[in-house]
$ cat upload_13.cif   # mmCIF, C-alpha atoms
data_query
loop_
_atom_site.label_atom_id
_atom_site.label_comp_id
_atom_site.auth_asym_id
_atom_site.auth_seq_id
_atom_site.Cartn_x
_atom_site.Cartn_y
_atom_site.Cartn_z
CA MET A 1300 0.00 0.00 0.00
CA PRO A 1301 1.42 3.45 -0.88
CA ARG A 1302 2.51 5.52 2.08
CA MET A 1303 2.10 9.23 2.79
CA LEU A 1304 5.88 9.67 2.82
CA ALA A 1305 8.00 12.69 2.01
CA VAL A 1306 11.45 11.84 0.63
CA SER A 1307 13.55 14.97 0.17
CA ASP A 1308 15.98 15.34 -2.70
CA GLU A 1309 18.94 15.02 -0.34
CA VAL A 1310 17.56 11.80 1.17
CA ARG A 1311 16.85 10.44 -2.32
CA ALA A 1312 20.41 11.27 -3.39
CA GLU A 1313 21.77 9.27 -0.45
CA ILE A 1314 19.56 6.17 -0.74
CA GLY A 1315 19.07 6.11 -4.52
CA ASP A 1316 15.99 6.41 -6.71
CA ASP A 1317 15.11 2.72 -6.54
CA GLU A 1318 15.03 2.58 -2.75
CA ALA A 1319 13.15 5.88 -2.58
CA ASP A 1320 10.52 4.55 -4.97
CA ARG A 1321 10.18 1.34 -2.96
CA LEU A 1322 9.64 3.38 0.19
CA LEU A 1323 6.96 5.48 -1.46
CA ALA A 1324 5.25 2.33 -2.70
CA GLY A 1325 5.20 0.96 0.84
CA ALA A 1326 7.64 -1.89 0.34
CA HIS A 1327 10.14 -0.91 3.07
CA ALA A 1328 8.18 1.60 5.14
CA PRO A 1329 6.42 0.65 8.39
CA ASP A 1330 2.70 1.23 8.80
CA THR A 1331 3.22 2.64 12.27
CA TYR A 1332 6.26 4.18 13.93
CA ASP A 1333 7.33 6.31 16.87
CA CYS A 1334 8.26 9.78 15.60
CA THR A 1335 12.02 10.26 15.84
CA SER A 1336 11.40 13.88 16.87
CA CYS A 1337 8.46 13.93 19.30
CA ARG A 1338 8.45 10.19 20.15
CA THR A 1339 4.67 9.88 19.80
CA PRO A 1340 3.09 7.26 17.50
CA GLY A 1341 2.61 7.92 13.80
CA ASP A 1342 0.92 6.08 10.93
CA SER A 1343 2.48 6.50 7.50
CA SER A 1344 -0.67 5.23 5.82
CA GLN A 1345 -2.88 7.85 7.49
CA GLU A 1346 -0.74 10.96 8.04
CA ALA A 1347 2.05 12.84 6.32
CA THR A 1348 5.39 11.32 7.32
CA SER A 1349 8.97 12.48 6.78
CA THR A 1350 11.93 10.23 6.07
CA VAL A 1351 14.97 11.29 8.13
CA LEU A 1352 18.34 9.79 7.23
CA PHE A 1353 20.97 9.82 9.98
CA VAL A 1354 24.40 9.48 8.38
CA GLY A 1355 27.56 8.51 10.27
CA ASP A 1356 31.07 7.79 9.08
CA GLU A 1357 30.25 4.26 7.95
CA THR A 1358 26.58 3.77 8.78
CA ALA A 1359 23.34 5.35 7.65
CA VAL A 1360 19.98 4.76 9.31
CA LEU A 1361 16.56 5.75 8.01
CA ALA A 1362 14.03 6.89 10.60
CA PHE A 1363 10.52 8.30 10.36
CA ALA A 1364 8.88 11.39 11.80
CA HIS A 1365 5.62 13.29 11.60
CA ALA A 1366 5.87 15.81 8.76
CA ARG A 1367 4.52 18.45 11.18
CA CYS A 1368 7.50 17.82 13.49
CA ILE A 1369 10.44 17.75 11.08
CA PRO A 1370 10.89 17.82 7.29
CA SER A 1371 12.55 15.02 5.36
CA GLN A 1372 16.29 15.61 5.62
CA VAL A 1373 19.77 14.14 6.04
CA VAL A 1374 21.24 14.59 9.54
CA PRO A 1375 25.03 14.07 9.79
CA VAL A 1376 26.18 12.64 13.14
CA SER A 1377 29.26 10.84 14.41
CA GLU A 1378 29.37 7.06 14.06
CA GLU A 1379 29.26 6.59 17.85
CA GLN A 1380 26.27 8.88 18.25
CA LEU A 1381 24.51 7.19 15.35
CA LEU A 1382 24.90 3.71 16.81
CA GLY A 1383 23.50 4.94 20.12
CA ALA A 1384 20.61 6.69 18.39
CA VAL A 1385 19.89 3.55 16.36
CA ARG A 1386 19.55 1.59 19.56
CA SER A 1387 17.25 4.20 21.05
CA ILE A 1388 15.10 4.45 17.91
CA SER A 1389 14.92 0.66 17.54
CA GLN A 1390 13.71 0.29 21.10
CA ALA A 1391 11.06 2.95 20.53
CA GLN A 1392 9.70 1.74 17.19
CA GLY A 1393 6.43 -0.11 17.63
CA SER A 1394 6.22 0.60 21.37
CA ALA A 1395 4.64 3.22 23.57
CA PRO A 1396 6.79 6.36 23.75
CA ALA A 1397 9.01 6.50 26.83
CA ALA A 1398 10.45 9.60 28.44
CA ALA A 1399 14.24 9.75 28.55
CA GLY A 1400 16.04 10.77 31.69
CA LEU A 1401 19.07 10.56 33.89
CA PRO A 1402 20.31 6.98 34.25
CA GLY A 1403 18.52 5.55 37.23
CA SER A 1404 16.82 8.79 38.22
CA GLY A 1405 13.31 8.19 36.92
CA ILE A 1406 13.05 11.81 35.78
CA GLY A 1407 10.80 12.50 32.80
CA ALA A 1408 12.01 14.44 29.77
CA GLY A 1409 10.02 17.44 28.68
CA VAL A 1410 9.97 21.12 27.91
CA GLY A 1411 7.29 23.75 28.17
CA ALA A 1412 7.60 25.80 24.99
CA ASP A 1413 9.72 26.71 21.99
CA LEU A 1414 12.76 28.86 22.64
CA GLU A 1415 11.76 32.34 21.52
CA ALA A 1416 13.01 35.92 22.07
CA ALA A 1417 15.48 35.51 24.98
CA ASP A 1418 15.36 31.77 24.29
CA GLN A 1419 13.43 31.04 27.46
CA ALA A 1420 11.61 27.73 27.70
CA GLU A 1421 8.35 27.97 29.62
CA GLN A 1422 8.75 26.29 33.01
CA SER A 1423 6.04 23.75 33.80
CA ALA A 1424 4.12 23.86 37.06
CA PRO A 1425 5.62 21.89 39.97
CA PRO A 1426 4.73 18.19 39.70
CA ALA A 1427 1.94 16.76 41.78
CA ALA A 1428 2.88 14.45 44.63
CA GLY A 1429 4.20 11.17 43.32
CA GLN A 1430 4.71 12.52 39.80
CA PRO A 1431 8.17 12.77 38.20
CA ALA A 1432 9.78 16.15 37.73
CA VAL A 1433 10.01 17.63 34.24
CA LEU A 1434 13.13 19.24 32.81
CA GLY A 1435 12.83 22.88 31.78
CA ILE A 1436 15.38 24.09 29.21
CA THR A 1437 16.54 27.71 28.88
CA CYS A 1438 18.75 28.70 25.95
CA GLY A 1439 20.93 31.79 25.86
CA LEU A 1440 24.36 33.26 25.18
CA VAL A 1441 26.57 33.30 28.29
CA LEU A 1442 29.79 35.33 28.37
CA CYS A 1443 32.81 33.37 29.64
CA GLY A 1444 35.71 35.80 29.72
CA ASP A 1445 35.51 37.65 26.40
CA THR A 1446 33.72 34.87 24.52
CA GLY A 1447 29.99 34.34 24.18
CA HIS A 1448 29.09 30.67 24.58
CA ALA A 1449 25.88 29.01 23.40
CA ALA A 1450 24.43 27.68 26.64
CA LEU A 1451 21.60 25.48 27.82
CA VAL A 1452 20.37 25.83 31.39
CA VAL A 1453 18.52 22.78 32.71
CA GLU A 1454 16.25 23.10 35.74
CA PRO A 1455 13.76 20.43 36.87
CA THR A 1456 10.31 21.40 38.11
CA GLY A 1457 10.81 19.50 41.37
CA PRO A 1458 13.29 17.45 43.39
CA VAL A 1459 15.07 14.60 41.61
CA GLY A 1460 16.14 11.63 43.72
CA ARG A 1461 17.99 8.39 43.18
CA PRO A 1462 16.03 5.14 42.76
CA GLY A 1463 14.54 4.10 46.07
CA ASN A 1464 14.91 7.55 47.65
CA VAL A 1465 11.58 8.32 49.34
CA THR A 1466 12.83 11.22 51.48
CA GLY A 1467 12.19 13.89 48.86
CA GLU A 1468 15.84 14.99 48.99
CA ASP A 1469 16.95 16.65 45.76
CA GLU A 1470 19.94 14.77 44.31
CA PHE A 1471 19.83 16.26 40.80
CA LEU A 1472 23.27 17.87 40.97
CA SER A 1473 24.97 14.87 42.58
CA LEU A 1474 23.52 12.61 39.87
CA LEU A 1475 25.13 14.87 37.27
CA THR A 1476 28.47 15.10 39.06
CA ASP A 1477 28.45 11.29 39.12
CA HIS A 1478 28.53 11.63 35.33
CA HIS A 1479 31.50 14.04 35.47
CA PHE A 1480 29.69 17.38 35.34
CA GLN A 1481 31.79 19.93 37.23
CA GLU A 1482 30.74 22.31 39.98
CA VAL A 1483 30.86 25.86 38.58
CA SER A 1484 32.00 28.48 41.06
CA ASN A 1485 32.73 31.19 38.48
CA VAL A 1486 30.58 31.55 35.37
CA ASP A 1487 33.32 33.61 33.71
CA LYS A 1488 35.39 30.43 33.46
CA ALA A 1489 34.00 27.88 31.02
CA PRO A 1490 34.01 24.21 32.09
CA ASP A 1491 36.96 22.08 31.02
CA SER A 1492 37.26 19.93 27.89
CA PRO A 1493 34.14 18.37 26.31
CA LEU A 1494 32.39 15.65 28.31
CA PRO A 1495 33.03 12.26 26.63
CA GLY A 1496 29.95 10.57 25.20
CA TRP A 1497 27.57 13.52 25.69
CA SER A 1498 26.43 15.81 22.87
CA VAL A 1499 23.73 18.25 21.78
CA LEU A 1500 21.80 17.16 18.67
CA MET A 1501 20.80 19.93 16.26
CA ALA A 1502 19.14 19.52 12.85
CA MET A 1503 18.04 22.22 10.40
CA GLY A 1504 18.91 24.88 12.97
CA LYS A 1505 16.64 23.43 15.67
CA LEU A 1506 17.42 21.75 18.98
CA HIS A 1507 16.36 18.10 19.09
CA ALA A 1508 18.01 16.37 22.03
CA ILE A 1509 20.78 16.09 24.58
CA LEU A 1510 22.51 12.73 24.18
CA GLN A 1511 24.28 10.79 26.91
CA PRO A 1512 26.44 7.66 26.89
CA SER A 1513 24.37 4.48 26.89
CA ALA A 1514 25.07 1.73 29.41
CA THR A 1515 25.24 -0.71 26.50
CA GLY A 1516 27.52 1.48 24.38
CA GLY A 1517 26.89 4.39 22.04
CA SER A 1518 24.46 7.17 23.02
CA SER A 1519 20.85 7.55 24.07
CA ALA A 1520 18.59 10.55 24.66
CA TRP A 1521 18.97 12.14 28.11
CA TRP A 1522 16.51 14.88 27.13
CA GLN A 1523 14.32 14.82 24.01
CA ALA A 1524 12.31 17.77 22.70
CA HIS A 1525 8.63 17.02 22.22
CA GLN A 1526 8.98 19.14 19.09
CA PRO A 1527 12.23 20.49 17.58
CA LEU A 1528 12.99 23.79 19.30
CA GLN A 1529 13.85 26.94 17.36
CA VAL A 1530 16.91 28.83 18.60
CA THR A 1531 18.12 32.30 17.68
CA ASP A 1532 20.62 32.79 14.86
CA ALA A 1533 23.16 34.22 17.33
CA TRP A 1534 22.92 31.13 19.55
CA ARG A 1535 23.18 28.76 16.59
CA LEU A 1536 26.17 30.62 15.12
CA ALA A 1537 28.01 30.61 18.46
CA ALA A 1538 27.39 26.87 18.85
CA GLY A 1539 28.60 26.28 15.30
CA ARG A 1540 31.78 28.35 15.73
CA GLN A 1541 32.77 26.48 18.88
CA ALA A 1542 31.32 23.12 17.75
CA SER A 1543 29.98 22.79 21.28
CA VAL A 1544 27.33 23.93 23.76
CA THR A 1545 27.84 24.73 27.43
CA MET A 1546 25.23 22.96 29.55
CA TYR A 1547 24.50 24.26 33.04
CA ALA A 1548 22.21 22.57 35.55
CA VAL A 1549 20.61 23.83 38.76
CA PRO A 1550 18.17 22.39 41.31
CA ALA A 1551 14.47 23.17 41.08
CA GLY A 1552 13.56 26.76 41.96
CA THR A 1553 17.06 28.19 41.45
CA ILE A 1554 16.79 30.10 38.13
CA GLY A 1555 13.14 30.24 37.13
CA ARG A 1556 11.98 32.29 34.15
CA GLN A 1557 14.37 35.03 33.08
CA PRO A 1558 13.12 37.27 30.22
CA ARG A 1559 16.58 38.56 29.21
CA GLU A 1560 20.06 37.10 28.87
CA ASP A 1561 21.57 39.62 31.30
CA LEU A 1562 19.07 38.49 33.94
CA LEU A 1563 19.82 34.87 33.14
CA ARG A 1564 23.53 35.58 33.68
CA LEU A 1565 22.82 37.22 37.05
CA ALA A 1566 20.78 34.20 38.10
CA LEU A 1567 23.63 31.88 37.07
CA ASP A 1568 26.11 33.99 39.06
CA ARG A 1569 23.87 33.74 42.15
CA ALA A 1570 23.55 29.97 41.73
CA ALA A 1571 27.33 29.61 41.38
CA ALA A 1572 27.92 31.69 44.51
CA LYS A 1573 25.59 29.38 46.46
CA GLY A 1574 27.27 26.22 45.13
CA LEU A 1575 24.13 25.26 43.19
CA LEU A 1576 25.54 25.22 39.64
CA VAL A 1577 27.19 22.43 37.68
CA GLY A 1578 28.21 22.47 34.03
CA ALA A 1579 29.95 20.74 31.17
CA ILE A 1580 30.96 21.36 27.57
CA LEU A 1581 28.94 19.13 25.22
CA PRO A 1582 30.04 18.64 21.59
CA LEU A 1583 27.60 19.78 18.93
CA ALA A 1584 26.09 17.14 16.66
CA GLY A 1585 24.42 18.40 13.48
CA THR A 1586 23.82 22.00 12.44
#

$ encode --input "upload_13.cif" --output "structure tokens"
Amino acid sequence: MPRMLAVSDEVRAEIGDDEADRLLAGAHAPDTYDCTSCRTPGDSSQEATSTVLFVGDETAVLAFAHARCIPSQVVPVSEEQLLGAVRSISQAQGSAPAAAGLPGSGIGAGVGADLEAADQAEQSAPPAAGQPAVLGITCGLVLCGDTGHAALVVEPTGPVGRPGNVTGEDEFLSLLTDHHFQEVSNVDKAPDSPLPGWSVLMAMGKLHAILQPSATGGSSAWWQAHQPLQVTDAWRLAAGRQASVTMYAVPAGTIGRQPREDLLRLALDRAAAKGLLVGAILPLAGT
């Protein structure tokens, strides 16, 4: 049965006309899938679907996404990141979507809104009792010395504990330092060299995910955007120049909503002075 698939010219050039035609005819396309962008179910026989080709050094993997979430495109990634993403996508295909989170933390992955104006993600309301916290993402340029760095600030909506912790103690920062994030005492000084295995996935100028090392090798999604998030040109250009993004993290209630980048910086400085800020340099994957 023919599928409602979009195969862009660049995807067709990579996979060849014959394979593209077979996909459009329904020979190699699944009826149902989990969208590689928003992770919710899709049906290629009932709704417009994009083909997304992830290309590594030696491997290429074709995934599927709602056309409303992401257009058909080729996304270049490193071989290691691709193999991790393949594992994550393969586990998701044909199953109920699962939120990604810190290893062993049980935290859900989410964001409130697209990154607009000062690149501020809407913070969700605090979770109800017994419900997992949600990660809020703020995007902005942060000056370290004389250089503006593309930065992501991650703040959960509530306490994050280790598995089995029923005390309500917030262990979000210690979970991250377990994974080699560094305590930041001075925002003017950027964290040290890039964190191995972690990266920020961009495609077509939009933020898609933060990837972490997988326990079984490769990478998996630590945070996944429900929909690809638009960032400003200045943020994207800074990330591209440095081929990296600085990720900061704070406990719930530390930063909150900041309408301007200067106010965001002041909030980061206050968090650092209180010992409530950790950070790391994450390599940039995609453009």

$ resolve_selection --input "upload_13.cif" --expression "the PyMOL selection byres ((chain A and resi 1366) around 8)" --output "ChimeraX atom specification"
/A:1305,1347-1349,1364-1365,1367-1371

$ closest_residue --input "upload_13.cif" --among "A:Ala1359, A:Val1459, A:Leu1583, A:Ala1548" --to "Gly1504 of chain A" --atoms "all atoms listed in the file"
A:Leu1583

$ resolve_selection --input "upload_13.cif" --expression "the PyMOL selection byres ((chain A and resi 1352) around 7)" --output "number ranges by chain"
A: 1310, 1350-1351, 1353-1354, 1359-1362, 1372-1374

$ resolve_selection --input "upload_13.cif" --expression "the PyMOL selection byres ((chain A and resi 1574) around 12)" --output "PyMOL selection string"
chain A and resi 1472-1473+1481-1486+1548-1550+1553+1567-1573+1575-1578

$ closest_residue --input "upload_13.cif" --among "A:Thr1446, A:Gln1541, A:Thr1531, A:Thr1437" --to "Leu1563 of chain A" --atoms "all atoms listed in the file"
A:Thr1437

$ closest_residue --input "upload_13.cif" --among "A:Pro1495, A:Pro1375, A:Pro1527, A:Gly1517" --to "Glu1309 of chain A" --atoms "all atoms listed in the file"
A:Pro1375

$ atom_distance --input "upload_13.cif" --atom1 "atom CA of His1507 of chain A" --atom2 "atom CA of Leu1528 of chain A"
6.6 Å

$ residues_around --input "upload_13.cif" --residues "Lys1505 of chain A" --least-positions-apart "4" --cutoff "9 Å" --atoms "all atoms listed in the file" --output "CSV table (one decimal) with C-alpha atoms, in the coordinates of the input"
chain,number,residue,atom,x,y,z
A,1500,LEU,CA,21.8,17.2,18.7
A,1501,MET,CA,20.8,19.9,16.3
A,1527,PRO,CA,12.2,20.5,17.6
A,1528,LEU,CA,13.0,23.8,19.3
A,1529,GLN,CA,13.8,26.9,17.4
A,1530,VAL,CA,16.9,28.8,18.6
A,1535,ARG,CA,23.2,28.8,16.6
A,1586,THR,CA,23.8,22.0,12.4

$ closest_residue --input "upload_13.cif" --among "A:Arg1311, A:His1448, A:Arg1321, A:Arg1302" --to "Ala1542 of chain A" --atoms "only C-alpha atoms"
A:His1448

$ atom_distance --input "upload_13.cif" --atom1 "atom CA of Leu1581 of chain A" --atom2 "atom CA of Met1546 of chain A"
6.9 Å

$ atom_distance --input "upload_13.cif" --atom1 "atom CA of Ile1436 of chain A" --atom2 "atom CA of Thr1456 of chain A"
10.6 Å

$ closest_residue --input "upload_13.cif" --among "A:Ser1513, A:Thr1331, A:Ser1344, A:Ser1543" --to "Phe1363 of chain A" --atoms "only C-alpha atoms"
A:Thr1331

$ closest_residue --input "upload_13.cif" --among "A:Glu1468, A:Asp1477, A:Glu1346, A:Asp1561" --to "Met1303 of chain A" --atoms "all atoms listed in the file"
A:Glu1346

$ residues_around --input "upload_13.cif" --residues "Ser1492 of chain A" --least-positions-apart "5" --cutoff "10 Å" --atoms "only C-alpha atoms" --output "PyMOL selection string"
chain A and resi 1579-1582
